[in-house]
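In what follows, a structure is listed as structure tokens, so that the remarks can point back to it.
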Amino acid sequence: MSTALFYPAQTPNGSPSAPRLSVSRVTLSNFRCYAALRIEPAPGFVVLTGANGAGKTNLLEALSLLSPGRGLRNARHADISRREDTRTAEIGGAPNRWSVAAEFATQHGPLSVSVGWAETNGERRAVRIDGEPARSQAALAEHVSMVWLTPAMDRLFVDSPAGRRRFLDRLVFAFDPAHAGRLQAYDKARRERIRILRDEHLDDTWLSALERNMAERAIAIAAARLDLVERLKRSLHEETGTFPKPEIAARGDIENLLETHPALEVEGRYLEALSKARTRDGESGTCDGVHRSDLFAKLSANGPQAEQASTGEQKAILISLILAHGRMLVRLWGRVPVLLLDEIAAHLDRARRAALFDAISELGAQTWITGTDESLFSPLVGRAQFYTITKGQISQKANHA
């Protein structure tokens, strides 16, 4: 099996003239606090201000669902759907069917994308791209790139590895759309293998097939993560602003082996390990693999580990990674991701806020920013659209347009 990843030829130095991806219209229906909403933003900065609980993060979440995955809250369909009132929710009334539709301006012209609650059971989303049903949500990665930072991610480097894996994998999706499918196939095979191991009547042939499937997918997943990290490192060292240049690494049993051994050898080792660990895995209900890998970071070559850095320093590390990722996308796809930055100004001093706004302007990304204090975004007056959100209602501030 080959683990070689395909990337298009690079464009020179992430030129500011490279095409940009931006949302030109978004329409919500029965989405959390929004019965209905429609706005038509321009490229550049979109600043959303309002009190806590007004619906700012809900709008960012809706946008995040236009990319692969379960969005920035990792929510279930029923949690997303708007209920008519609290009494309906309390008695278990049926939630409304939610939907999000958007028009994008892309390098190839207008693009229409819609997602919503599918009529079938389960958590599968209905996805349409330019009016046609998509085979799966993974198809979104071929057209839409979104990266987000939320207050919950302020603890990314001190919480469990699961959040760091999801963060790293989302960065990979933008370059390698097939990565999402490999992760899904690996997890499906892993769960099925554990189910069979707990069965009294083991099917050795089926087990062997599942383990081979896991091994093939695991090597490709780990290789994609390692490749992304190496590219991020190069992009980070091109940063000229005041944000840190963190040291990063993808770590795990398979990732570690791939750095020093051929892929086929690592695949064989993992396959053998899975076979030998059947009894143990059946008893524990889990196994070793890329679902346990982690992303490590340091503030700088001589700086502290990210988990030991201050909250502001940890946020600066995350911002550095996002900006580096955006520069990579310009070079490789000619496409900058849409940035969704929830409460981004928190924990950043005035100098770093100004540096952030300047870096985003240089990148050219459409950037949706939320906050409760509009004064934090005063440097953006004249180069951003300002919207106020109040209890699920949105209005544009004309004097800031």
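Each chain in the structure tokens gets a letter, A, B and so on, in the order shown; residues start at 1 in every chain, and ligands are counted from 1 in the order they appear.
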For Gln137 of chain A: contacts at 12 Å, only C-alpha atoms, fewer than 4 positions along chain excluded, given as a PyMOL selection string: chain A and resi 65-71+113-116+118+123-129+133+141-144+173+177-178+180-181+184
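Nearest to Ser284 of chain A of all the residues A:Ala54, A:Ile194, A:Leu339, A:Ile39 is A:Ile194, counting only C-alpha atoms.
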Backbone-only DSSP, alpha helix (DSSP H) members of segment 147-270 of chain A, as a ChimeraX atom specification: /A:161-173,178-197,204-236,253-258,263-270
Write the residues of the preceding selection, restricted to C-alpha atoms, as a PDB file, in the first residue's frame.
```pdb
ATOM      1  CA  PRO A 161      -5.486  14.320  23.508  1.00  0.00           C
ATOM      2  CA  ALA A 162      -8.842  13.804  21.729  1.00  0.00           C
ATOM      3  CA  GLY A 163      -9.331  17.523  21.147  1.00  0.00           C
ATOM      4  CA  ARG A 164      -5.786  17.946  19.863  1.00  0.00           C
ATOM      5  CA  ARG A 165      -6.259  15.044  17.436  1.00  0.00           C
ATOM      6  CA  ARG A 166      -9.475  16.572  16.106  1.00  0.00           C
ATOM      7  CA  PHE A 167      -7.723  19.924  15.706  1.00  0.00           C
ATOM      8  CA  LEU A 168      -4.808  18.357  13.820  1.00  0.00           C
ATOM      9  CA  ASP A 169      -7.071  16.211  11.632  1.00  0.00           C
ATOM     10  CA  ARG A 170      -9.175  19.224  10.678  1.00  0.00           C
ATOM     11  CA  LEU A 171      -6.028  20.955   9.435  1.00  0.00           C
ATOM     12  CA  VAL A 172      -5.225  17.836   7.401  1.00  0.00           C
ATOM     13  CA  PHE A 173      -8.721  17.785   5.808  1.00  0.00           C
ATOM     14  CA  ALA A 178      -9.674  11.652   1.683  1.00  0.00           C
ATOM     15  CA  HIS A 179      -8.328  11.891   5.252  1.00  0.00           C
ATOM     16  CA  ALA A 180     -11.868  12.133   6.641  1.00  0.00           C
ATOM     17  CA  GLY A 181     -12.891   8.925   4.873  1.00  0.00           C
ATOM     18  CA  ARG A 182      -9.813   7.091   6.159  1.00  0.00           C
ATOM     19  CA  LEU A 183     -10.588   8.141   9.729  1.00  0.00           C
ATOM     20  CA  GLN A 184     -14.187   6.965   9.399  1.00  0.00           C
ATOM     21  CA  ALA A 185     -13.154   3.638   7.858  1.00  0.00           C
ATOM     22  CA  TYR A 186     -10.506   3.074  10.543  1.00  0.00           C
ATOM     23  CA  ASP A 187     -12.932   3.798  13.385  1.00  0.00           C
ATOM     24  CA  LYS A 188     -15.619   1.604  11.858  1.00  0.00           C
ATOM     25  CA  ALA A 189     -13.203  -1.324  11.497  1.00  0.00           C
ATOM     26  CA  ARG A 190     -11.867  -0.751  15.023  1.00  0.00           C
ATOM     27  CA  ARG A 191     -15.338  -0.837  16.581  1.00  0.00           C
ATOM     28  CA  GLU A 192     -16.352  -3.897  14.571  1.00  0.00           C
ATOM     29  CA  ARG A 193     -13.161  -5.719  15.599  1.00  0.00           C
ATOM     30  CA  ILE A 194     -13.881  -5.097  19.302  1.00  0.00           C
ATOM     31  CA  ARG A 195     -17.464  -6.310  18.840  1.00  0.00           C
ATOM     32  CA  ILE A 196     -16.252  -9.567  17.296  1.00  0.00           C
ATOM     33  CA  LEU A 197     -13.557 -10.047  19.952  1.00  0.00           C
ATOM     34  CA  ASP A 204     -10.910 -15.395  12.339  1.00  0.00           C
ATOM     35  CA  THR A 205     -11.232 -14.620   8.643  1.00  0.00           C
ATOM     36  CA  TRP A 206     -13.329 -11.530   9.269  1.00  0.00           C
ATOM     37  CA  LEU A 207     -11.059 -10.445  12.118  1.00  0.00           C
ATOM     38  CA  SER A 208      -7.993 -10.672   9.900  1.00  0.00           C
ATOM     39  CA  ALA A 209      -9.728  -8.618   7.206  1.00  0.00           C
ATOM     40  CA  LEU A 210     -10.696  -5.941   9.725  1.00  0.00           C
ATOM     41  CA  GLU A 211      -7.174  -5.780  11.129  1.00  0.00           C
ATOM     42  CA  ARG A 212      -5.696  -5.392   7.674  1.00  0.00           C
ATOM     43  CA  ASN A 213      -8.186  -2.634   6.959  1.00  0.00           C
ATOM     44  CA  MET A 214      -7.194  -0.901  10.217  1.00  0.00           C
ATOM     45  CA  ALA A 215      -3.473  -1.253   9.497  1.00  0.00           C
ATOM     46  CA  GLU A 216      -3.739   0.178   5.983  1.00  0.00           C
ATOM     47  CA  ARG A 217      -5.853   3.128   7.115  1.00  0.00           C
ATOM     48  CA  ALA A 218      -3.720   3.763  10.212  1.00  0.00           C
ATOM     49  CA  ILE A 219      -0.510   4.136   8.214  1.00  0.00           C
ATOM     50  CA  ALA A 220      -2.159   6.566   5.794  1.00  0.00           C
ATOM     51  CA  ILE A 221      -3.677   8.584   8.665  1.00  0.00           C
ATOM     52  CA  ALA A 222      -0.362   8.834  10.511  1.00  0.00           C
ATOM     53  CA  ALA A 223       1.526   9.710   7.318  1.00  0.00           C
ATOM     54  CA  ALA A 224      -0.934  12.519   6.539  1.00  0.00           C
ATOM     55  CA  ARG A 225      -0.553  13.949  10.043  1.00  0.00           C
ATOM     56  CA  LEU A 226       3.240  13.840   9.878  1.00  0.00           C
ATOM     57  CA  ASP A 227       3.272  15.459   6.447  1.00  0.00           C
ATOM     58  CA  LEU A 228       0.986  18.248   7.640  1.00  0.00           C
ATOM     59  CA  VAL A 229       3.150  18.898  10.703  1.00  0.00           C
ATOM     60  CA  GLU A 230       6.317  19.165   8.604  1.00  0.00           C
ATOM     61  CA  ARG A 231       4.646  21.662   6.280  1.00  0.00           C
ATOM     62  CA  LEU A 232       3.336  23.639   9.246  1.00  0.00           C
ATOM     63  CA  LYS A 233       6.848  23.840  10.679  1.00  0.00           C
ATOM     64  CA  ARG A 234       8.152  25.389   7.480  1.00  0.00           C
ATOM     65  CA  SER A 235       5.284  27.844   7.327  1.00  0.00           C
ATOM     66  CA  LEU A 236       5.688  28.814  10.991  1.00  0.00           C
ATOM     67  CA  ASP A 253       3.257   4.603  18.283  1.00  0.00           C
ATOM     68  CA  ILE A 254       2.689   4.546  14.534  1.00  0.00           C
ATOM     69  CA  GLU A 255       3.765   8.152  13.902  1.00  0.00           C
ATOM     70  CA  ASN A 256       6.988   7.534  15.820  1.00  0.00           C
ATOM     71  CA  LEU A 257       7.804   4.406  13.807  1.00  0.00           C
ATOM     72  CA  LEU A 258       7.043   6.095  10.477  1.00  0.00           C
ATOM     73  CA  ALA A 263       5.629   2.467   5.695  1.00  0.00           C
ATOM     74  CA  LEU A 264       5.206  -1.170   4.642  1.00  0.00           C
ATOM     75  CA  GLU A 265       7.327  -2.334   7.565  1.00  0.00           C
ATOM     76  CA  VAL A 266       5.307  -0.250  10.024  1.00  0.00           C
ATOM     77  CA  GLU A 267       2.076  -1.585   8.549  1.00  0.00           C
ATOM     78  CA  GLY A 268       3.314  -5.144   9.024  1.00  0.00           C
ATOM     79  CA  ARG A 269       4.339  -4.468  12.620  1.00  0.00           C
ATOM     80  CA  TYR A 270       0.967  -2.964  13.494  1.00  0.00           C
TER      81      TYR A 270
END
```
Proximity to Pro110 of chain A - best of A:Arg25, A:Ser136, A:Arg76, A:Pro151, only C-alpha atoms: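 Result for the nearest residue to Pro110 of chain A: A:Arg25.
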Long-range neighbours of Leu37 of chain A as a VMD selection string, 8 Å cut-off, only C-alpha atoms, 3 positions minimum in chain: chain A and resid 26 to 29 34 393 to 394
Å distance separating atom CA of Leu376 of chain A from atom CA of Ala359 of chain A, one decimal place: 16.4 Å
Two-atom distance - atom CA of Arg155 of chain A, atom CA of Leu321 of chain A (Å): 15.1 Å
Long-range neighbours of Ala51 of chain A as a list in words, 8 Å cut-off, only C-alpha atoms, 4 positions minimum in chain: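 That gives Thr372, Ile389 and Thr390 of chain A.
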With N, CA and C atoms kept, could you save the residues just selected as a PDB file, in the first residue's frame?
```
ATOM      1  N   THR A 372     -17.998  40.285  23.025  1.00  0.00           N
ATOM      2  CA  THR A 372     -19.017  41.044  23.750  1.00  0.00           C
ATOM      3  C   THR A 372     -18.685  42.530  23.806  1.00  0.00           C
ATOM      4  N   ILE A 389     -25.832  41.221  17.374  1.00  0.00           N
ATOM      5  CA  ILE A 389     -26.772  40.114  17.541  1.00  0.00           C
ATOM      6  C   ILE A 389     -27.443  40.264  18.906  1.00  0.00           C
ATOM      7  N   THR A 390     -28.780  40.221  18.898  1.00  0.00           N
ATOM      8  CA  THR A 390     -29.564  40.330  20.129  1.00  0.00           C
ATOM      9  C   THR A 390     -30.676  39.292  20.107  1.00  0.00           C
TER      10      THR A 390
END
```
Picked from segment 28-253 of chain A by DSSP as strand (DSSP E), as a VMD selection string: chain A and resid 28 to 31 34 to 39 45 to 49 99 to 106 109 to 117 125 to 129 132 to 133 146 to 149 247 to 251
Can you write out the residues you just picked, keeping N, CA and C atoms, as a compact mmCIF listing (two decimals), in the first residue's frame?
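Now in result.txt:
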```txt
# COMPACT_ATOMS: atom_id res chain seq x y z
N LEU A 28 -30.10 30.52 7.52
CA LEU A 28 -30.36 29.51 8.55
C LEU A 28 -31.85 29.31 8.70
N SER A 29 -32.23 28.07 9.03
CA SER A 29 -33.62 27.76 9.32
C SER A 29 -33.67 26.81 10.51
N ASN A 30 -34.42 27.21 11.54
CA ASN A 30 -34.61 26.38 12.74
C ASN A 30 -33.28 25.93 13.34
N PHE A 31 -32.32 26.83 13.38
CA PHE A 31 -30.99 26.51 13.88
C PHE A 31 -30.79 27.16 15.24
N TYR A 34 -32.10 30.60 16.19
CA TYR A 34 -32.56 31.28 14.98
C TYR A 34 -33.72 30.52 14.33
N ALA A 35 -34.90 31.15 14.31
CA ALA A 35 -36.00 30.58 13.52
C ALA A 35 -35.66 30.72 12.03
N ALA A 36 -35.11 31.88 11.69
CA ALA A 36 -34.66 32.13 10.32
C ALA A 36 -33.66 33.28 10.35
N LEU A 37 -32.69 33.22 9.47
CA LEU A 37 -31.69 34.28 9.38
C LEU A 37 -31.10 34.27 7.99
N ARG A 38 -30.84 35.46 7.48
CA ARG A 38 -30.15 35.57 6.19
C ARG A 38 -29.31 36.84 6.20
N ILE A 39 -28.03 36.70 5.90
CA ILE A 39 -27.16 37.85 5.75
C ILE A 39 -26.28 37.64 4.53
N PHE A 45 -13.19 41.03 7.04
CA PHE A 45 -13.59 40.84 8.43
C PHE A 45 -15.11 40.98 8.59
N VAL A 46 -15.70 40.07 9.34
CA VAL A 46 -17.10 40.15 9.73
C VAL A 46 -17.12 40.07 11.26
N VAL A 47 -17.44 41.18 11.91
CA VAL A 47 -17.39 41.25 13.37
C VAL A 47 -18.80 41.13 13.92
N LEU A 48 -19.00 40.16 14.81
CA LEU A 48 -20.30 39.91 15.43
C LEU A 48 -20.19 40.22 16.92
N THR A 49 -20.94 41.22 17.39
CA THR A 49 -20.89 41.56 18.80
C THR A 49 -22.27 41.43 19.42
N SER A 99 -31.52 23.57 8.99
CA SER A 99 -30.76 23.60 7.74
C SER A 99 -29.88 24.85 7.71
N VAL A 100 -28.78 24.72 7.00
CA VAL A 100 -27.86 25.83 6.77
C VAL A 100 -27.53 25.83 5.28
N ALA A 101 -27.70 26.96 4.63
CA ALA A 101 -27.37 27.07 3.21
C ALA A 101 -26.48 28.28 3.01
N ALA A 102 -25.53 28.16 2.11
CA ALA A 102 -24.60 29.27 1.87
C ALA A 102 -24.20 29.33 0.41
N GLU A 103 -23.91 30.54 0.00
CA GLU A 103 -23.28 30.79 -1.30
C GLU A 103 -21.84 31.23 -1.01
N PHE A 104 -20.90 30.60 -1.69
CA PHE A 104 -19.49 30.94 -1.55
C PHE A 104 -18.98 31.59 -2.83
N ALA A 105 -18.09 32.54 -2.66
CA ALA A 105 -17.30 33.05 -3.78
C ALA A 105 -16.00 32.28 -3.79
N THR A 106 -15.69 31.60 -4.87
CA THR A 106 -14.50 30.78 -4.97
C THR A 106 -13.70 31.16 -6.20
N GLY A 109 -15.64 30.42 -9.32
CA GLY A 109 -16.96 31.01 -9.46
C GLY A 109 -17.84 30.70 -8.26
N PRO A 110 -19.13 31.05 -8.33
CA PRO A 110 -20.04 30.83 -7.20
C PRO A 110 -20.20 29.34 -6.89
N LEU A 111 -20.35 29.05 -5.61
CA LEU A 111 -20.55 27.68 -5.14
C LEU A 111 -21.68 27.69 -4.14
N SER A 112 -22.64 26.78 -4.32
CA SER A 112 -23.77 26.67 -3.41
C SER A 112 -23.60 25.41 -2.57
N VAL A 113 -23.73 25.55 -1.25
CA VAL A 113 -23.61 24.41 -0.34
C VAL A 113 -24.74 24.49 0.67
N SER A 114 -25.38 23.36 0.93
CA SER A 114 -26.40 23.31 1.99
C SER A 114 -26.24 22.03 2.77
N VAL A 115 -26.51 22.12 4.06
CA VAL A 115 -26.48 20.96 4.94
C VAL A 115 -27.72 21.02 5.83
N GLY A 116 -28.15 19.85 6.29
CA GLY A 116 -29.31 19.81 7.16
C GLY A 116 -29.52 18.44 7.74
N TRP A 117 -30.53 18.32 8.51
CA TRP A 117 -30.88 17.06 9.16
C TRP A 117 -31.49 16.14 8.11
N ARG A 125 -25.80 13.80 7.98
CA ARG A 125 -26.31 15.06 7.46
C ARG A 125 -26.66 14.94 5.99
N ALA A 126 -27.71 15.63 5.59
CA ALA A 126 -28.00 15.77 4.17
C ALA A 126 -27.12 16.89 3.63
N VAL A 127 -26.37 16.61 2.57
CA VAL A 127 -25.43 17.58 2.01
C VAL A 127 -25.73 17.76 0.52
N ARG A 128 -25.81 19.00 0.10
CA ARG A 128 -25.97 19.30 -1.33
C ARG A 128 -24.89 20.29 -1.74
N ILE A 129 -24.30 20.04 -2.88
CA ILE A 129 -23.28 20.92 -3.44
C ILE A 129 -23.73 21.32 -4.84
N GLU A 132 -26.83 19.43 -6.05
CA GLU A 132 -26.79 17.98 -6.21
C GLU A 132 -26.43 17.31 -4.88
N PRO A 133 -27.11 16.19 -4.55
CA PRO A 133 -26.77 15.48 -3.31
C PRO A 133 -25.33 14.99 -3.34
N MET A 146 -12.53 25.42 6.32
CA MET A 146 -12.82 26.29 7.46
C MET A 146 -11.98 25.85 8.64
N VAL A 147 -11.48 26.82 9.37
CA VAL A 147 -10.73 26.54 10.58
C VAL A 147 -11.28 27.47 11.66
N TRP A 148 -11.45 26.93 12.87
CA TRP A 148 -12.01 27.76 13.92
C TRP A 148 -11.23 27.66 15.22
N LEU A 149 -11.38 28.71 16.00
CA LEU A 149 -10.89 28.74 17.36
C LEU A 149 -12.04 29.18 18.25
N GLU A 247 7.23 25.11 18.38
CA GLU A 247 7.72 23.81 17.93
C GLU A 247 6.59 22.81 18.10
N ILE A 248 6.29 22.03 17.06
CA ILE A 248 5.17 21.09 17.12
C ILE A 248 5.60 19.71 16.64
N ALA A 249 4.84 18.69 17.05
CA ALA A 249 5.13 17.32 16.63
C ALA A 249 3.87 16.47 16.79
N ALA A 250 3.66 15.56 15.84
CA ALA A 250 2.61 14.55 15.97
C ALA A 250 3.25 13.31 16.57
N ARG A 251 2.70 12.82 17.67
CA ARG A 251 3.31 11.70 18.38
C ARG A 251 2.30 10.57 18.60
```
Residue among A:Gly285, A:Phe157, A:Leu380, A:Val330 lying closest to Ser310 of chain A, counting only C-alpha atoms: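 Answer, going by the shortest atom-to-atom distance: A:Phe157.
For the choices A:Leu21, A:Met153, A:Ala301, A:Leu295, the atom-to-atom distance to Gly334 of chain A is smallest for A:Leu21 when using only C-alpha atoms.
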Atom pair atom CA of Leu323 of chain A / atom CA of Gly252 of chain A: separation (Å):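 So the two atoms, atom CA of Leu323 of chain A and atom CA of Gly252 of chain A, lie 25.2 Å apart.
Using only C-alpha atoms for every distance, the candidate list A:Tyr387, A:Ala346, A:Leu60, A:Glu239 yields A:Tyr387 as the residue closest to Glu40 of chain A.
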